[in-house]
Amino acid sequence: METWQTISTRRSIREFTNEPVPLQSIQKMLTAASMAASGGNMQAWSFLVVQDPLRLQMLGALAPGIIGKPQAVFVLCIDISQENPEKDPWLFQYMSMSLGAAMQNLLLTAHDLGLGACPVASFHQKAVQVLLNIPEHMLPFLLVAAGFPKYKPEAPARKELNQFCFAESWGKPL
Amino acid sequence: MNTDSLRDDLLSLVGFLLTSAQGLNHEPIDYGTFRLLDASGRVLEIMHKYDLGDAFTAQLQAQINEKRFGSMSSESLEPFLQHVILQYAAEIKRRLDNQN
């Protein structure tokens with residue numbers, strides 16, 4: 001799929017078929033995530049994929065933001081051991097922005113492969129850490145629920161560019 | 001009925017309710033409405049999985065699912081909730097009348 005088409009036709013998918021996500025697709029999505037822009041090239045991230053049905057069910061119980069029944073959930077973690085709040089209090093922001101970029105690469109690649117996905121921020125971080133044996137220094141920060149879409153939702157309304165984009169000086173239209 | 005499976009499904013529902021309750025302490029207020037709607041859909045799903053549903057619950061679930069799985073929007077759920085609650089009230093009244 002052409003880049004612009006992928007970006008402009010991606011939707012958040014919350015309902016999935018029972019078809020499993022092929023391993024090749026998982027690997028490609030993870031590779032795409034790993035190629036995202038990363039502040040200072042820190043790559044202070046780790047990604048964990050859950051596909052086992054019972055574990056997915058239990059993970060869903062700890063993540064109210066997962067609405068349907070995805071066939072795979074990606075747990076995107078930030079390596080907080082790389083944080084140094086005294087030296088650089090902004091570092092966590094950089095790391096979380098980088099993780100957001102990785103998530104977007106993952107979402108776009110899923111769409112490009114014919115899959116659907118949805119970012120999820122509503123989940124209990126500590127409980128997910130316990131369930132999946134994630135070490136203390138790896139903070140589960142975002143989840144991505146994925147699978148083959150049951151249907152394609154209509155595009156939600158978006159703001160017009162002139163409502164929030166300016167040129168040269170704040171308030172001056174493009 | 002597979003009671004092990006039912007136990008797992010109900011346990012998952014309990015987890016969903018507890019994590020929702022905790023998360024809603026710091027999430028947008030509209031999320032509360034949505035979580036309860038979502039929970040209703042999950043209960044109906046369990047009812048149907050274990051053959052406890054009927055035509056009315058199937059139709060109710062279909063309506064709820066449309067809101068659960070559709071695009072998030074700023075549109076209020078209030079008119080929809082009013083509509084399905086009145087449908088629900090009419091149905092339980094009909095069931096009550098049939099019993100008497």
# chains A, B, ... in the order shown; residues from 1 in each chain; ligands from 1
>>> interface_residues(of="chain B", to="chain A", cutoff="6 Å", atoms="only C-alpha atoms", output="list of chain:residue names")
B:Ser12, B:Gly15, B:Phe16, B:Thr19, B:Ser20, B:Phe69
>>> write_last_selection(atoms="N, CA, C and O atoms", output="mmCIF file, in the first residue's frame")
data_model
loop_
_atom_site.group_PDB
_atom_site.id
_atom_site.type_symbol
_atom_site.label_atom_id
_atom_site.label_comp_id
_atom_site.auth_asym_id
_atom_site.auth_seq_id
_atom_site.Cartn_x
_atom_site.Cartn_y
_atom_site.Cartn_z
ATOM 1 N N SER B 12 -13.030 -13.003 34.530
ATOM 2 C CA SER B 12 -12.524 -11.941 33.642
ATOM 3 C C SER B 12 -13.383 -10.691 33.782
ATOM 4 O O SER B 12 -12.870 -9.568 33.786
ATOM 5 N N GLY B 15 -12.450 -8.863 36.871
ATOM 6 C CA GLY B 15 -11.201 -8.117 36.646
ATOM 7 C C GLY B 15 -11.463 -6.840 35.870
ATOM 8 O O GLY B 15 -10.944 -5.767 36.201
ATOM 9 N N PHE B 16 -12.280 -6.951 34.827
ATOM 10 C CA PHE B 16 -12.631 -5.780 34.018
ATOM 11 C C PHE B 16 -13.297 -4.708 34.888
ATOM 12 O O PHE B 16 -12.970 -3.515 34.801
ATOM 13 N N THR B 19 -10.594 -3.207 37.435
ATOM 14 C CA THR B 19 -9.601 -2.326 36.805
ATOM 15 C C THR B 19 -10.280 -1.080 36.236
ATOM 16 O O THR B 19 -9.693 0.000 36.231
ATOM 17 N N SER B 20 -11.522 -1.237 35.793
ATOM 18 C CA SER B 20 -12.268 -0.051 35.326
ATOM 19 C C SER B 20 -12.484 0.910 36.490
ATOM 20 O O SER B 20 -12.268 2.119 36.363
ATOM 21 N N PHE B 69 -18.081 -1.013 19.522
ATOM 22 C CA PHE B 69 -17.004 -1.255 18.568
ATOM 23 C C PHE B 69 -16.856 -0.168 17.517
ATOM 24 O O PHE B 69 -15.939 -0.213 16.715
#
>>> residues_around(residues="B:Leu60", least_positions_apart="6", cutoff="9 Å", atoms="only C-alpha atoms", output="PDB file with N, CA and C atoms, in the first residue's frame")
ATOM      1  N   GLY B  41     -22.550  -5.027  27.560  1.00  0.00           N
ATOM      2  CA  GLY B  41     -22.301  -5.852  26.371  1.00  0.00           C
ATOM      3  C   GLY B  41     -21.594  -7.150  26.746  1.00  0.00           C
ATOM      4  N   LEU B  44     -24.074  -9.563  28.369  1.00  0.00           N
ATOM      5  CA  LEU B  44     -24.947 -10.160  27.342  1.00  0.00           C
ATOM      6  C   LEU B  44     -24.190 -11.217  26.542  1.00  0.00           C
ATOM      7  N   VAL B  84     -32.412   2.589  24.732  1.00  0.00           N
ATOM      8  CA  VAL B  84     -32.352   1.153  25.072  1.00  0.00           C
ATOM      9  C   VAL B  84     -32.932   0.880  26.466  1.00  0.00           C
ATOM     10  N   GLN B  87     -36.609   0.549  25.972  1.00  0.00           N
ATOM     11  CA  GLN B  87     -36.860  -0.772  25.349  1.00  0.00           C
ATOM     12  C   GLN B  87     -36.789  -1.864  26.414  1.00  0.00           C
ATOM     13  N   TYR B  88     -35.773  -1.756  27.247  1.00  0.00           N
ATOM     14  CA  TYR B  88     -35.551  -2.745  28.317  1.00  0.00           C
ATOM     15  C   TYR B  88     -36.739  -2.751  29.288  1.00  0.00           C
TER      16      TYR B  88
END
>>> closest_residue(among="B:Ala21, B:Leu6, B:Met47, B:Ala55", to="B:Glu91", atoms="only C-alpha atoms")
B:Ala55
>>> select_by_dssp(residues="stretch 4-174 of chain A", states="alpha helix (DSSP H)", output="JSON, numbers by chain")
{"A": [4, 5, 6, 7, 8, 9, 23, 24, 25, 26, 27, 28, 29, 30, 31, 32, 33, 34, 53, 54, 55, 56, 57, 58, 59, 60, 61, 91, 92, 93, 94, 95, 96, 97, 98, 99, 100, 101, 102, 103, 104, 105, 106, 107, 108, 109, 110, 111, 112, 125, 126, 127, 128, 129, 130, 131, 161, 162, 163, 164]}
>>> residues_around(residues="A:Ser8", least_positions_apart="2", cutoff="12 Å", atoms="only C-alpha atoms", output="VMD selection string")
chain A and resid 1 to 6 10 to 12 108 111 to 112 155 to 156 158
>>> atom_distance(atom1="atom CA of A:Phe47", atom2="atom CA of A:Lys28")
12.8 Å
>>> residues_around(residues="A:Asn18", least_positions_apart="6", cutoff="12 Å", atoms="only C-alpha atoms", output="VMD selection string")
chain A and resid 51 53 68 to 72 146 to 150
>>> write_last_selection(atoms="C-alpha atoms", output="PDB file, in the first residue's frame")
ATOM      1  CA  GLN A  51      -1.312 -14.611  21.578  1.00  0.00           C
ATOM      2  CA  PRO A  53      -6.062 -17.378  24.196  1.00  0.00           C
ATOM      3  CA  GLY A  68     -13.273  -6.760  21.600  1.00  0.00           C
ATOM      4  CA  LYS A  69     -11.369 -10.035  21.422  1.00  0.00           C
ATOM      5  CA  PRO A  70      -8.055  -9.390  19.675  1.00  0.00           C
ATOM      6  CA  GLN A  71      -5.939 -12.309  18.475  1.00  0.00           C
ATOM      7  CA  ALA A  72      -2.751 -10.564  19.561  1.00  0.00           C
ATOM      8  CA  ALA A 146      -4.594  -6.459  16.903  1.00  0.00           C
ATOM      9  CA  GLY A 147      -6.261  -8.991  14.658  1.00  0.00           C
ATOM     10  CA  PHE A 148      -8.126  -9.235  11.399  1.00  0.00           C
ATOM     11  CA  PRO A 149     -10.891  -6.631  11.381  1.00  0.00           C
ATOM     12  CA  LYS A 150     -14.471  -7.824  11.617  1.00  0.00           C
TER      13      LYS A 150
END
>>> residues_around(residues="A:Met138", least_positions_apart="6", cutoff="6 Å", atoms="only C-alpha atoms", output="list in words")
Cys77, Ile78 and Asp79 of chain A
>>> select_by_dssp(residues="chain A", states="strand (DSSP E or B)", output="VMD selection string")
chain A and resid 12 16 45 to 50 72 to 79 116 to 120 138 to 147 149
>>> write_last_selection(atoms="N, CA, C and O atoms", output="compact mmCIF listing (two decimals), in the first residue's frame")
# COMPACT_ATOMS: atom_id res chain seq x y z
N SER A 12 -9.02 2.87 13.88
CA SER A 12 -8.90 2.09 15.11
C SER A 12 -9.92 0.96 15.06
O SER A 12 -11.12 1.21 14.97
N PHE A 16 -12.66 -8.02 16.16
CA PHE A 16 -11.78 -8.83 15.33
C PHE A 16 -12.41 -10.18 15.01
O PHE A 16 -13.25 -10.69 15.76
N TRP A 45 13.05 0.83 24.90
CA TRP A 45 11.76 0.15 24.81
C TRP A 45 11.93 -1.35 24.74
O TRP A 45 13.01 -1.87 24.40
N SER A 46 10.89 -2.07 25.08
CA SER A 46 10.80 -3.51 24.85
C SER A 46 9.35 -3.81 24.48
O SER A 46 8.43 -3.15 24.97
N PHE A 47 9.18 -4.80 23.63
CA PHE A 47 7.84 -5.14 23.16
C PHE A 47 7.57 -6.61 23.47
O PHE A 47 8.43 -7.47 23.26
N LEU A 48 6.38 -6.87 23.96
CA LEU A 48 6.00 -8.25 24.30
C LEU A 48 4.68 -8.55 23.58
O LEU A 48 3.76 -7.72 23.61
N VAL A 49 4.61 -9.69 22.95
CA VAL A 49 3.38 -10.06 22.21
C VAL A 49 2.69 -11.20 22.93
O VAL A 49 3.33 -12.18 23.31
N VAL A 50 1.39 -11.07 23.11
CA VAL A 50 0.59 -12.11 23.75
C VAL A 50 -0.39 -12.66 22.71
O VAL A 50 -1.13 -11.89 22.10
N ALA A 72 -4.10 -10.87 19.05
CA ALA A 72 -2.75 -10.56 19.56
C ALA A 72 -2.80 -9.22 20.28
O ALA A 72 -3.54 -8.32 19.87
N VAL A 73 -2.06 -9.14 21.35
CA VAL A 73 -1.90 -7.85 22.03
C VAL A 73 -0.40 -7.59 22.19
O VAL A 73 0.34 -8.46 22.66
N PHE A 74 0.01 -6.41 21.75
CA PHE A 74 1.40 -5.99 21.92
C PHE A 74 1.47 -5.12 23.17
O PHE A 74 0.70 -4.17 23.32
N VAL A 75 2.40 -5.45 24.04
CA VAL A 75 2.62 -4.65 25.25
C VAL A 75 3.89 -3.85 25.01
O VAL A 75 4.97 -4.43 24.87
N LEU A 76 3.74 -2.54 24.93
CA LEU A 76 4.89 -1.68 24.64
C LEU A 76 5.41 -1.09 25.96
O LEU A 76 4.68 -0.39 26.65
N CYS A 77 6.65 -1.41 26.28
CA CYS A 77 7.21 -1.03 27.58
C CYS A 77 8.32 0.00 27.43
O CYS A 77 9.06 0.00 26.44
N ILE A 78 8.44 0.83 28.46
CA ILE A 78 9.55 1.79 28.53
C ILE A 78 10.55 1.29 29.56
O ILE A 78 10.17 0.91 30.67
N ASP A 79 11.82 1.32 29.17
CA ASP A 79 12.89 0.89 30.08
C ASP A 79 13.23 2.05 31.02
O ASP A 79 14.02 2.93 30.67
N GLY A 116 -6.13 -5.16 11.60
CA GLY A 116 -6.67 -3.99 12.28
C GLY A 116 -6.03 -3.91 13.64
O GLY A 116 -5.63 -4.93 14.21
N ALA A 117 -5.95 -2.71 14.19
CA ALA A 117 -5.33 -2.56 15.51
C ALA A 117 -5.88 -1.33 16.19
O ALA A 117 -6.45 -0.44 15.55
N CYS A 118 -5.71 -1.32 17.49
CA CYS A 118 -6.20 -0.18 18.27
C CYS A 118 -5.27 0.06 19.46
O CYS A 118 -4.98 -0.88 20.22
N PRO A 119 -4.80 1.29 19.62
CA PRO A 119 -3.98 1.59 20.80
C PRO A 119 -4.83 1.60 22.06
O PRO A 119 -5.98 2.03 22.03
N VAL A 120 -4.26 1.13 23.14
CA VAL A 120 -4.99 1.06 24.41
C VAL A 120 -4.12 1.63 25.53
O VAL A 120 -2.99 1.19 25.74
N MET A 138 10.81 -2.38 33.50
CA MET A 138 10.13 -2.24 32.21
C MET A 138 8.68 -1.85 32.48
O MET A 138 7.88 -2.68 32.91
N LEU A 139 8.36 -0.61 32.22
CA LEU A 139 7.03 -0.10 32.52
C LEU A 139 6.09 -0.33 31.32
O LEU A 139 6.31 0.26 30.25
N PRO A 140 5.07 -1.16 31.48
CA PRO A 140 4.10 -1.29 30.37
C PRO A 140 3.39 0.06 30.20
O PRO A 140 2.73 0.53 31.12
N PHE A 141 3.56 0.66 29.04
CA PHE A 141 3.09 2.04 28.86
C PHE A 141 1.91 2.12 27.89
O PHE A 141 1.03 2.96 28.04
N LEU A 142 1.92 1.26 26.90
CA LEU A 142 0.82 1.23 25.92
C LEU A 142 0.56 -0.21 25.50
O LEU A 142 1.50 -1.02 25.48
N LEU A 143 -0.67 -0.50 25.16
CA LEU A 143 -1.00 -1.79 24.56
C LEU A 143 -1.52 -1.52 23.14
O LEU A 143 -2.09 -0.46 22.88
N VAL A 144 -1.31 -2.49 22.26
CA VAL A 144 -1.96 -2.43 20.95
C VAL A 144 -2.69 -3.75 20.74
O VAL A 144 -2.07 -4.82 20.74
N ALA A 145 -4.00 -3.66 20.63
CA ALA A 145 -4.82 -4.84 20.34
C ALA A 145 -4.87 -5.02 18.83
O ALA A 145 -5.07 -4.05 18.09
N ALA A 146 -4.66 -6.26 18.36
CA ALA A 146 -4.59 -6.46 16.90
C ALA A 146 -5.27 -7.76 16.49
O ALA A 146 -5.42 -8.69 17.28
N GLY A 147 -5.64 -7.79 15.24
CA GLY A 147 -6.26 -8.99 14.66
C GLY A 147 -6.82 -8.62 13.30
O GLY A 147 -6.66 -7.48 12.84
N PRO A 149 -9.69 -7.41 11.04
CA PRO A 149 -10.89 -6.63 11.38
C PRO A 149 -12.19 -7.35 11.01
O PRO A 149 -12.26 -7.98 9.96
>>> atom_distance(atom1="atom CA of B:Leu17", atom2="atom CA of B:Asp30")
15.9 Å
>>> residues_around(residues="B:Ile46", least_positions_apart="2", cutoff="12 Å", atoms="only C-alpha atoms", output="number ranges by chain")
B: 1, 5-13, 39-44, 48-53, 57-58, 61
>>> write_last_selection(atoms="N, CA and C atoms", output="PDB file, in the first residue's frame")
ATOM      1  N   MET B   1     -23.743 -27.200  30.728  1.00  0.00           N
ATOM      2  CA  MET B   1     -22.978 -25.948  30.765  1.00  0.00           C
ATOM      3  C   MET B   1     -21.568 -26.210  31.290  1.00  0.00           C
ATOM      4  N   SER B   5     -15.465 -22.951  32.224  1.00  0.00           N
ATOM      5  CA  SER B   5     -15.384 -21.858  31.259  1.00  0.00           C
ATOM      6  C   SER B   5     -16.201 -20.648  31.752  1.00  0.00           C
ATOM      7  N   LEU B   6     -17.395 -20.947  32.329  1.00  0.00           N
ATOM      8  CA  LEU B   6     -18.230 -19.861  32.862  1.00  0.00           C
ATOM      9  C   LEU B   6     -17.495 -19.138  33.998  1.00  0.00           C
ATOM     10  N   ARG B   7     -16.821 -19.929  34.839  1.00  0.00           N
ATOM     11  CA  ARG B   7     -16.068 -19.330  35.945  1.00  0.00           C
ATOM     12  C   ARG B   7     -14.978 -18.403  35.392  1.00  0.00           C
ATOM     13  N   ASP B   8     -14.258 -18.859  34.357  1.00  0.00           N
ATOM     14  CA  ASP B   8     -13.208 -18.021  33.743  1.00  0.00           C
ATOM     15  C   ASP B   8     -13.806 -16.731  33.182  1.00  0.00           C
ATOM     16  N   ASP B   9     -14.949 -16.873  32.510  1.00  0.00           N
ATOM     17  CA  ASP B   9     -15.569 -15.688  31.898  1.00  0.00           C
ATOM     18  C   ASP B   9     -16.028 -14.687  32.966  1.00  0.00           C
ATOM     19  N   LEU B  10     -16.601 -15.228  34.050  1.00  0.00           N
ATOM     20  CA  LEU B  10     -17.067 -14.319  35.116  1.00  0.00           C
ATOM     21  C   LEU B  10     -15.888 -13.693  35.856  1.00  0.00           C
ATOM     22  N   LEU B  11     -14.829 -14.478  36.019  1.00  0.00           N
ATOM     23  CA  LEU B  11     -13.635 -13.949  36.677  1.00  0.00           C
ATOM     24  C   LEU B  11     -13.017 -12.817  35.842  1.00  0.00           C
ATOM     25  N   SER B  12     -13.030 -13.003  34.530  1.00  0.00           N
ATOM     26  CA  SER B  12     -12.524 -11.941  33.642  1.00  0.00           C
ATOM     27  C   SER B  12     -13.383 -10.691  33.782  1.00  0.00           C
ATOM     28  N   LEU B  13     -14.684 -10.909  33.897  1.00  0.00           N
ATOM     29  CA  LEU B  13     -15.596  -9.768  34.034  1.00  0.00           C
ATOM     30  C   LEU B  13     -15.313  -9.024  35.343  1.00  0.00           C
ATOM     31  N   ALA B  39     -19.570  -3.024  29.838  1.00  0.00           N
ATOM     32  CA  ALA B  39     -19.842  -4.125  30.781  1.00  0.00           C
ATOM     33  C   ALA B  39     -21.179  -4.788  30.460  1.00  0.00           C
ATOM     34  N   SER B  40     -22.185  -3.985  30.112  1.00  0.00           N
ATOM     35  CA  SER B  40     -23.490  -4.546  29.737  1.00  0.00           C
ATOM     36  C   SER B  40     -23.338  -5.477  28.537  1.00  0.00           C
ATOM     37  N   GLY B  41     -22.550  -5.027  27.560  1.00  0.00           N
ATOM     38  CA  GLY B  41     -22.301  -5.852  26.371  1.00  0.00           C
ATOM     39  C   GLY B  41     -21.594  -7.150  26.746  1.00  0.00           C
ATOM     40  N   ARG B  42     -20.665  -7.061  27.686  1.00  0.00           N
ATOM     41  CA  ARG B  42     -19.918  -8.264  28.103  1.00  0.00           C
ATOM     42  C   ARG B  42     -20.833  -9.253  28.824  1.00  0.00           C
ATOM     43  N   VAL B  43     -21.736  -8.749  29.648  1.00  0.00           N
ATOM     44  CA  VAL B  43     -22.675  -9.628  30.354  1.00  0.00           C
ATOM     45  C   VAL B  43     -23.582 -10.334  29.330  1.00  0.00           C
ATOM     46  N   LEU B  44     -24.074  -9.563  28.369  1.00  0.00           N
ATOM     47  CA  LEU B  44     -24.947 -10.160  27.342  1.00  0.00           C
ATOM     48  C   LEU B  44     -24.190 -11.217  26.542  1.00  0.00           C
ATOM     49  N   HIS B  48     -25.253 -15.172  26.105  1.00  0.00           N
ATOM     50  CA  HIS B  48     -25.450 -15.872  24.836  1.00  0.00           C
ATOM     51  C   HIS B  48     -24.518 -17.059  24.691  1.00  0.00           C
ATOM     52  N   LYS B  49     -23.300 -16.896  25.198  1.00  0.00           N
ATOM     53  CA  LYS B  49     -22.326 -17.995  25.113  1.00  0.00           C
ATOM     54  C   LYS B  49     -22.857 -19.237  25.835  1.00  0.00           C
ATOM     55  N   TYR B  50     -23.594 -19.027  26.913  1.00  0.00           N
ATOM     56  CA  TYR B  50     -24.099 -20.160  27.708  1.00  0.00           C
ATOM     57  C   TYR B  50     -25.603 -20.396  27.507  1.00  0.00           C
ATOM     58  N   ASP B  51     -26.079 -19.975  26.340  1.00  0.00           N
ATOM     59  CA  ASP B  51     -27.484 -20.218  25.957  1.00  0.00           C
ATOM     60  C   ASP B  51     -28.484 -19.662  26.964  1.00  0.00           C
ATOM     61  N   LEU B  52     -28.176 -18.527  27.533  1.00  0.00           N
ATOM     62  CA  LEU B  52     -29.113 -17.901  28.476  1.00  0.00           C
ATOM     63  C   LEU B  52     -29.810 -16.699  27.837  1.00  0.00           C
ATOM     64  N   GLY B  53     -29.508 -16.479  26.568  1.00  0.00           N
ATOM     65  CA  GLY B  53     -30.090 -15.320  25.892  1.00  0.00           C
ATOM     66  C   GLY B  53     -31.369 -15.675  25.146  1.00  0.00           C
ATOM     67  N   THR B  57     -32.516 -10.204  24.107  1.00  0.00           N
ATOM     68  CA  THR B  57     -31.133  -9.922  24.532  1.00  0.00           C
ATOM     69  C   THR B  57     -30.187  -9.866  23.321  1.00  0.00           C
ATOM     70  N   ALA B  58     -30.499 -10.666  22.296  1.00  0.00           N
ATOM     71  CA  ALA B  58     -29.672 -10.647  21.079  1.00  0.00           C
ATOM     72  C   ALA B  58     -29.765  -9.290  20.398  1.00  0.00           C
ATOM     73  N   GLN B  61     -27.991  -6.713  22.529  1.00  0.00           N
ATOM     74  CA  GLN B  61     -26.541  -6.845  22.390  1.00  0.00           C
ATOM     75  C   GLN B  61     -26.054  -6.230  21.074  1.00  0.00           C
TER      76      GLN B  61
END
>>> closest_residue(among="B:Ile92, B:Ala62, B:Leu18, B:Leu86", to="B:Arg35", atoms="only C-alpha atoms")
B:Leu18
